[in-house]
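Student: Input structure: work_0.pdb, which contains PDB, C-alpha atoms, pLDDT in the B column.
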ATOM      1  CA  MET A   1      95.487 115.952 124.001  1.00 41.00           C
ATOM      2  CA  SER A   2      93.560 113.747 121.606  1.00 44.00           C
ATOM      3  CA  SER A   3      91.154 111.048 122.641  1.00 45.00           C
ATOM      4  CA  MET A   4      93.548 108.494 121.152  1.00 49.00           C
ATOM      5  CA  GLU A   5      96.417 109.655 123.384  1.00 42.00           C
ATOM      6  CA  GLU A   6      94.099 109.860 126.387  1.00 46.00           C
ATOM      7  CA  THR A   7      93.000 106.274 125.794  1.00 42.00           C
ATOM      8  CA  CYS A   8      96.600 105.147 125.481  1.00 52.00           C
ATOM      9  CA  ARG A   9      97.636 106.982 128.621  1.00 43.00           C
ATOM     10  CA  ASN A  10      94.772 105.519 130.624  1.00 41.00           C
ATOM     11  CA  SER A  11      95.494 101.959 129.553  1.00 41.00           C
ATOM     12  CA  SER A  12      97.156  99.513 131.875  1.00 36.00           C
ATOM     13  CA  SER A  13     100.351  99.746 129.826  1.00 36.00           C
ATOM     14  CA  PRO A  14     103.608 101.414 130.824  1.00 37.00           C
ATOM     15  CA  PRO A  15     103.679 105.217 130.649  1.00 34.00           C
ATOM     16  CA  LEU A  16     104.734 107.023 127.496  1.00 39.00           C
ATOM     17  CA  LEU A  17     108.455 107.389 127.075  1.00 42.00           C
ATOM     18  CA  SER A  18     109.873 110.878 127.202  1.00 40.00           C
ATOM     19  CA  SER A  19     112.769 111.775 125.033  1.00 37.00           C
ATOM     20  CA  PRO A  20     116.201 112.178 126.538  1.00 38.00           C
ATOM     21  CA  SER A  21     116.910 115.817 127.259  1.00 34.00           C
ATOM     22  CA  SER A  22     120.266 115.510 125.488  1.00 36.00           C
ATOM     23  CA  SER A  23     118.609 114.965 122.093  1.00 43.00           C
ATOM     24  CA  SER A  24     116.818 117.957 120.634  1.00 45.00           C
ATOM     25  CA  SER A  25     115.834 116.035 117.481  1.00 61.00           C
ATOM     26  CA  LEU A  26     113.671 113.465 119.279  1.00 70.00           C
ATOM     27  CA  PRO A  27     109.990 114.436 119.765  1.00 65.00           C
ATOM     28  CA  SER A  28     108.865 114.875 123.357  1.00 70.00           C
ATOM     29  CA  VAL A  29     106.711 111.712 123.396  1.00 90.00           C
ATOM     30  CA  SER A  30     108.307 108.879 121.506  1.00 95.00           C
ATOM     31  CA  HIS A  31     108.493 105.119 121.608  1.00 96.00           C
ATOM     32  CA  PHE A  32     111.581 103.063 120.876  1.00 97.00           C
ATOM     33  CA  ILE A  33     110.929 100.639 118.018  1.00 98.00           C
ATOM     34  CA  GLY A  34     114.351  99.151 117.391  1.00 97.00           C
ATOM     35  CA  LYS A  35     117.691  99.600 115.732  1.00 98.00           C
ATOM     36  CA  LYS A  36     117.574 101.018 112.216  1.00 98.00           C
ATOM     37  CA  GLU A  37     119.900  98.283 110.922  1.00 98.00           C
ATOM     38  CA  ASP A  38     117.535  95.586 112.264  1.00 98.00           C
ATOM     39  CA  ILE A  39     114.508  97.250 110.670  1.00 98.00           C
ATOM     40  CA  ILE A  40     116.357  97.548 107.347  1.00 97.00           C
ATOM     41  CA  LYS A  41     117.244  93.831 107.477  1.00 97.00           C
ATOM     42  CA  ALA A  42     113.679  92.820 108.320  1.00 97.00           C
ATOM     43  CA  GLY A  43     112.103  95.345 105.942  1.00 96.00           C
ATOM     44  CA  ARG A  44     109.116  95.643 108.302  1.00 97.00           C
ATOM     45  CA  VAL A  45     108.446  95.347 111.983  1.00 98.00           C
ATOM     46  CA  THR A  46     105.259  95.553 114.001  1.00 97.00           C
ATOM     47  CA  LYS A  47     105.038  96.702 117.564  1.00 96.00           C
ATOM     48  CA  LEU A  48     102.325  97.308 120.111  1.00 94.00           C
ATOM     49  CA  VAL A  49     103.117 100.871 121.136  1.00 93.00           C
ATOM     50  CA  ASN A  50     102.170 102.011 124.622  1.00 87.00           C
ATOM     51  CA  GLY A  51      99.998  98.950 125.066  1.00 85.00           C
ATOM     52  CA  CYS A  52      97.260 100.275 122.817  1.00 85.00           C
ATOM     53  CA  ARG A  53      98.413 100.972 119.258  1.00 93.00           C
ATOM     54  CA  ASP A  54      99.578  98.327 116.785  1.00 95.00           C
ATOM     55  CA  VAL A  55     102.092 100.066 114.535  1.00 97.00           C
ATOM     56  CA  LEU A  56     103.820  98.893 111.361  1.00 98.00           C
ATOM     57  CA  VAL A  57     107.259 100.405 110.728  1.00 98.00           C
ATOM     58  CA  LEU A  58     108.752  99.717 107.335  1.00 97.00           C
ATOM     59  CA  PHE A  59     111.853 100.654 105.400  1.00 98.00           C
ATOM     60  CA  HIS A  60     111.329 101.355 101.694  1.00 97.00           C
ATOM     61  CA  GLN A  61     113.567 103.121  99.198  1.00 96.00           C
ATOM     62  CA  GLY A  62     115.790 104.585 101.883  1.00 96.00           C
ATOM     63  CA  GLN A  63     112.972 105.897 104.091  1.00 97.00           C
ATOM     64  CA  LEU A  64     111.288 104.738 107.277  1.00 98.00           C
ATOM     65  CA  HIS A  65     107.489 104.906 107.437  1.00 98.00           C
ATOM     66  CA  ALA A  66     105.052 104.156 110.279  1.00 98.00           C
ATOM     67  CA  MET A  67     101.307 103.574 110.187  1.00 98.00           C
ATOM     68  CA  ASP A  68      98.569 101.677 111.944  1.00 98.00           C
ATOM     69  CA  MET A  69      99.215  97.996 111.335  1.00 97.00           C
ATOM     70  CA  ARG A  70      95.704  97.025 110.211  1.00 96.00           C
ATOM     71  CA  CYS A  71      94.101  98.244 106.979  1.00 97.00           C
ATOM     72  CA  TYR A  72      91.317 100.775 107.411  1.00 97.00           C
ATOM     73  CA  HIS A  73      88.918  98.782 105.210  1.00 96.00           C
ATOM     74  CA  SER A  74      88.620  95.419 106.987  1.00 94.00           C
ATOM     75  CA  GLY A  75      91.588  95.088 109.300  1.00 94.00           C
ATOM     76  CA  GLY A  76      93.942  93.263 106.929  1.00 95.00           C
ATOM     77  CA  ALA A  77      97.508  92.828 108.202  1.00 95.00           C
ATOM     78  CA  LEU A  78      99.475  95.403 106.229  1.00 98.00           C
ATOM     79  CA  GLU A  79     102.818  93.864 107.170  1.00 97.00           C
ATOM     80  CA  HIS A  80     102.018  91.227 104.501  1.00 97.00           C
ATOM     81  CA  GLY A  81     101.134  93.800 101.829  1.00 98.00           C
ATOM     82  CA  ASP A  82     103.221  94.570  98.750  1.00 98.00           C
ATOM     83  CA  ILE A  83     104.683  98.020  98.136  1.00 98.00           C
ATOM     84  CA  GLU A  84     103.767  99.385  94.699  1.00 98.00           C
ATOM     85  CA  GLU A  85     103.794 102.730  92.947  1.00 97.00           C
ATOM     86  CA  PHE A  86     100.536 104.224  91.716  1.00 96.00           C
ATOM     87  CA  ASN A  87     100.630 107.494  89.813  1.00 92.00           C
ATOM     88  CA  GLY A  88     104.076 108.276  91.245  1.00 95.00           C
ATOM     89  CA  ARG A  89     103.052 107.576  94.852  1.00 97.00           C
ATOM     90  CA  GLN A  90     104.435 104.750  96.965  1.00 98.00           C
ATOM     91  CA  CYS A  91     101.629 102.651  98.441  1.00 98.00           C
ATOM     92  CA  ILE A  92     101.192  99.559 100.538  1.00 98.00           C
ATOM     93  CA  VAL A  93      98.582  97.216  99.076  1.00 98.00           C
ATOM     94  CA  CYS A  94      96.405  95.415 101.598  1.00 98.00           C
ATOM     95  CA  PRO A  95      96.740  91.654 101.088  1.00 97.00           C
ATOM     96  CA  TRP A  96      93.060  91.014 101.820  1.00 96.00           C
ATOM     97  CA  HIS A  97      91.182  93.254  99.367  1.00 97.00           C
ATOM     98  CA  LYS A  98      93.977  95.082  97.483  1.00 97.00           C
ATOM     99  CA  TYR A  99      93.203  98.522  98.927  1.00 98.00           C
ATOM    100  CA  LYS A 100      96.002 100.972  98.133  1.00 98.00           C
ATOM    101  CA  ILE A 101      97.308 103.233 100.939  1.00 98.00           C
ATOM    102  CA  THR A 102      99.966 105.885 100.427  1.00 98.00           C
ATOM    103  CA  LEU A 103     102.980 105.459 102.691  1.00 98.00           C
ATOM    104  CA  ALA A 104     103.494 109.180 103.247  1.00 97.00           C
ATOM    105  CA  GLU A 105      99.958 110.421 103.963  1.00 98.00           C
ATOM    106  CA  GLY A 106      97.760 107.372 104.597  1.00 98.00           C
ATOM    107  CA  GLU A 107      95.439 108.261 101.737  1.00 98.00           C
ATOM    108  CA  GLY A 108      93.296 105.573 100.186  1.00 98.00           C
ATOM    109  CA  LEU A 109      93.691 105.538  96.394  1.00 98.00           C
ATOM    110  CA  TYR A 110      91.241 104.221  93.830  1.00 97.00           C
ATOM    111  CA  GLN A 111      91.022 104.136  90.062  1.00 96.00           C
ATOM    112  CA  ALA A 112      88.233 106.354  88.779  1.00 96.00           C
ATOM    113  CA  VAL A 113      86.693 106.477  85.304  1.00 95.00           C
ATOM    114  CA  ASP A 114      86.631 109.998  83.860  1.00 90.00           C
ATOM    115  CA  ASP A 115      83.497 109.551  81.745  1.00 92.00           C
ATOM    116  CA  PRO A 116      81.862 106.110  81.606  1.00 92.00           C
ATOM    117  CA  THR A 117      80.012 106.984  78.385  1.00 94.00           C
ATOM    118  CA  VAL A 118      83.216 107.582  76.394  1.00 93.00           C
ATOM    119  CA  LYS A 119      84.982 104.553  74.932  1.00 93.00           C
ATOM    120  CA  PRO A 120      87.684 103.516  75.461  1.00 94.00           C
ATOM    121  CA  LEU A 121      87.388 104.158  79.167  1.00 94.00           C
ATOM    122  CA  ARG A 122      90.009 106.493  80.620  1.00 93.00           C
ATOM    123  CA  THR A 123      90.934 106.006  84.253  1.00 94.00           C
ATOM    124  CA  ARG A 124      92.873 108.066  86.773  1.00 95.00           C
ATOM    125  CA  TRP A 125      94.114 107.435  90.280  1.00 96.00           C
ATOM    126  CA  ARG A 126      92.168 109.492  92.803  1.00 96.00           C
ATOM    127  CA  SER A 127      92.305 109.958  96.555  1.00 97.00           C
ATOM    128  CA  LYS A 128      89.573 108.935  98.981  1.00 97.00           C
ATOM    129  CA  GLY A 129      91.246 111.129 101.586  1.00 97.00           C
ATOM    130  CA  VAL A 130      93.222 110.070 104.635  1.00 97.00           C
ATOM    131  CA  LYS A 131      92.035 106.656 105.790  1.00 97.00           C
ATOM    132  CA  GLN A 132      95.088 105.187 107.541  1.00 98.00           C
ATOM    133  CA  ARG A 133      96.713 106.831 110.563  1.00 98.00           C
ATOM    134  CA  ILE A 134     100.365 107.692 109.839  1.00 98.00           C
ATOM    135  CA  HIS A 135     102.861 108.166 112.668  1.00 98.00           C
ATOM    136  CA  GLN A 136     106.085 110.163 112.781  1.00 97.00           C
ATOM    137  CA  VAL A 137     109.349 108.229 112.601  1.00 98.00           C
ATOM    138  CA  THR A 138     112.548 109.656 114.045  1.00 97.00           C
ATOM    139  CA  GLU A 139     116.003 108.134 113.913  1.00 96.00           C
ATOM    140  CA  VAL A 140     118.600 109.163 116.493  1.00 96.00           C
ATOM    141  CA  ASN A 141     122.044 107.576 116.435  1.00 97.00           C
ATOM    142  CA  GLY A 142     120.757 104.402 114.772  1.00 97.00           C
ATOM    143  CA  ASP A 143     117.755 104.045 117.105  1.00 98.00           C
ATOM    144  CA  VAL A 144     114.274 104.322 115.578  1.00 98.00           C
ATOM    145  CA  TYR A 145     111.433 105.963 117.502  1.00 97.00           C
ATOM    146  CA  VAL A 146     107.762 106.489 116.651  1.00 97.00           C
ATOM    147  CA  THR A 147     105.644 109.365 117.849  1.00 96.00           C
ATOM    148  CA  LEU A 148     101.952 108.504 117.652  1.00 96.00           C
ATOM    149  CA  ASP A 149      99.757 110.817 115.619  1.00 94.00           C
ATOM    150  CA  ASP A 150      97.757 112.632 118.274  1.00 87.00           C
ATOM    151  CA  SER A 151      95.196 114.408 116.105  1.00 90.00           C
ATOM    152  CA  ILE A 152      91.677 114.339 117.501  1.00 91.00           C
ATOM    153  CA  GLU A 153      90.147 113.699 114.084  1.00 93.00           C
ATOM    154  CA  ALA A 154      88.876 110.145 113.767  1.00 94.00           C
ATOM    155  CA  ILE A 155      90.534 108.154 111.004  1.00 95.00           C
ATOM    156  CA  GLU A 156      89.056 104.927 109.686  1.00 96.00           C
ATOM    157  CA  SER A 157      92.001 102.748 110.755  1.00 96.00           C
ATOM    158  CA  ASP A 158      91.290 103.722 114.393  1.00 94.00           C
ATOM    159  CA  VAL A 159      88.507 101.133 114.613  1.00 92.00           C
ATOM    160  CA  TYR A 160      91.079  98.320 114.535  1.00 91.00           C
ATOM    161  CA  GLN A 161      93.007  99.772 117.487  1.00 89.00           C
ATOM    162  CA  THR A 162      90.476  98.829 120.141  1.00 82.00           C
ATOM    163  CA  GLU A 163      90.686  96.114 122.760  1.00 79.00           C
ATOM    164  CA  ARG A 164      87.355  94.761 121.492  1.00 77.00           C
ATOM    165  CA  TYR A 165      88.851  94.195 118.055  1.00 79.00           C
ATOM    166  CA  ARG A 166      91.974  92.522 119.475  1.00 73.00           C
ATOM    167  CA  THR A 167      90.140  90.139 121.818  1.00 74.00           C
ATOM    168  CA  VAL A 168      86.924  89.339 119.920  1.00 67.00           C
ATOM    169  CA  LEU A 169      87.050  90.056 116.214  1.00 63.00           C
ATOM    170  CA  LEU A 170      90.690  89.218 115.510  1.00 61.00           C
ATOM    171  CA  LYS A 171      90.447  85.783 117.156  1.00 65.00           C
ATOM    172  CA  ALA A 172      87.389  84.951 115.029  1.00 63.00           C
ATOM    173  CA  GLN A 173      89.221  85.536 111.725  1.00 61.00           C
ATOM    174  CA  PRO A 174      90.909  82.673 109.881  1.00 61.00           C
ATOM    175  CA  ASN A 175      94.709  82.495 109.884  1.00 64.00           C
ATOM    176  CA  PRO A 176      96.284  83.579 106.568  1.00 61.00           C
ATOM    177  CA  LYS A 177      97.831  80.877 104.407  1.00 62.00           C
ATOM    178  CA  PRO A 178     101.617  81.155 104.115  1.00 62.00           C
ATOM    179  CA  LYS A 179     102.977  82.256 100.712  1.00 59.00           C
ATOM    180  CA  LYS A 180     104.660  79.565  98.664  1.00 58.00           C
TER
END
Just dump the structure as structure tokens.

Tutor:
Amino acid sequence: MSSMEETCRNSSSPPLLSSPSSSSSLPSVSHFIGKKEDIIKAGRVTKLVNGCRDVLVLFHQGQLHAMDMRCYHSGGALEHGDIEEFNGRQCIVCPWHKYKITLAEGEGLYQAVDDPTVKPLRTRWRSKGVKQRIHQVTEVNGDVYVTLDDSIEAIESDVYQTERYRTVLLKAQPNPKPKK
């Protein structure tokens, strides 16, 4: 069991939900998010899972994706980010600092210059590695469930999943201005 799961289990939140024994396609530890049709209508939903993990579930190009709700860089609210394609990969773009995060793997992408001494400059999209925790999404009979990623490896987005961040740092940040 990872330290993330241990922390979630020891929180004062309800216990983890076990899957119904009648469904073999549902992972053993999963959390009901909502009805698929409601998520498709909304495009994105956020949910505090197991009292300790803020998760963004989104529907894009026929697929459901789940990841930590706050950007790994500075805690930007990814539910307000645009979805764009970079080098053939679907990414959510953080609304605060425009960091690009792949929907499938949680990799941070950046544009690198091949050789800065050669003009004109030639750039390529490169990976910084996995920066955003991605969670498994399962749909059973129109119900959408998320299974939290339980790897023990620390991922940068983990820092924004703490009670300290929720109670101290988040309240100190200014409210975003609504889009016109």

Student: Excluding region 49-61 of chain A and residues on its chain fewer than 5 positions from it, collect all residues at most 6 Å away from it, counting all atoms listed in the file, and give them as a PDB file with C-alpha atoms, keeping the file's coordinate frame.

Tutor:
ATOM      1  CA  CYS A   8      96.600 105.147 125.481  1.00 52.00           C
ATOM      2  CA  SER A  13     100.351  99.746 129.826  1.00 36.00           C
ATOM      3  CA  ILE A  40     116.357  97.548 107.347  1.00 97.00           C
ATOM      4  CA  GLY A  43     112.103  95.345 105.942  1.00 96.00           C
ATOM      5  CA  ARG A  44     109.116  95.643 108.302  1.00 97.00           C
ATOM      6  CA  ALA A  66     105.052 104.156 110.279  1.00 98.00           C
ATOM      7  CA  MET A  67     101.307 103.574 110.187  1.00 98.00           C
ATOM      8  CA  ASP A  68      98.569 101.677 111.944  1.00 98.00           C
ATOM      9  CA  MET A  69      99.215  97.996 111.335  1.00 97.00           C
ATOM     10  CA  GLN A 161      93.007  99.772 117.487  1.00 89.00           C
TER      11      GLN A 161
END

Student: Name the closest residue to Lys47 (chain A) among the candidates A:Pro95, A:Tyr145, A:Leu109, A:Glu156; distances are taken between atoms, counting all atoms listed in the file.

Tutor: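 Of A:Pro95, A:Tyr145, A:Leu109, A:Glu156, the one nearest Lys47 (chain A), counting all atoms listed in the file, is A:Tyr145.
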
Student: Can you pull out the residues contacting His73 (chain A)? Cut-off 10 Å, using only C-alpha atoms, and skip same-chain residues under 6 positions away; I want them as a list in words.

Tutor: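 With the cut-off at 10 Å, the set is Cys94, Trp96, His97, Lys98, Tyr99, Gly108, Lys131, Gln132, Glu156, Ser157, Val159 and Tyr160 of chain A.
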
Student: Any idea what the distance is between CA of Thr123 (chain A) and CA of Gln111 (chain A)?

Tutor: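 Interatomic distance here is 6.1 Å.
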
Student: Report as JSON the centre and the edge lengths, in Å to one decimal, of the axis-aligned box holding every listed atom of region 40-54 of chain A, padded by 3 Å on each side.

Tutor:
{"center_x": 107.3, "center_y": 97.4, "center_z": 115.5, "size_x": 26.0, "size_y": 15.2, "size_z": 25.1}

Student: Could you check which of A:Val144, A:Ala77, A:Val93, A:Leu103 is closest to Asp38 (chain A), using all atoms listed in the file?

Tutor: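 Once distances to Asp38 (chain A) are computed over all atoms listed in the file, the minimum belongs to A:Val144.
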
Student: Quick one: pull the distance between CA of Cys71 (chain A) and CA of Cys91 (chain A), Å, one decimal.

Tutor: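 Going from CA of Cys71 (chain A) over to CA of Cys91 (chain A), I get 12.2 Å.
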
Student: Which is closest to His65 (chain A) among A:Ser151, A:Ser30, A:Gln136, A:Thr117, if we use all atoms listed in the file?

Tutor: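 Once distances to His65 (chain A) are computed over all atoms listed in the file, the minimum belongs to A:Gln136.
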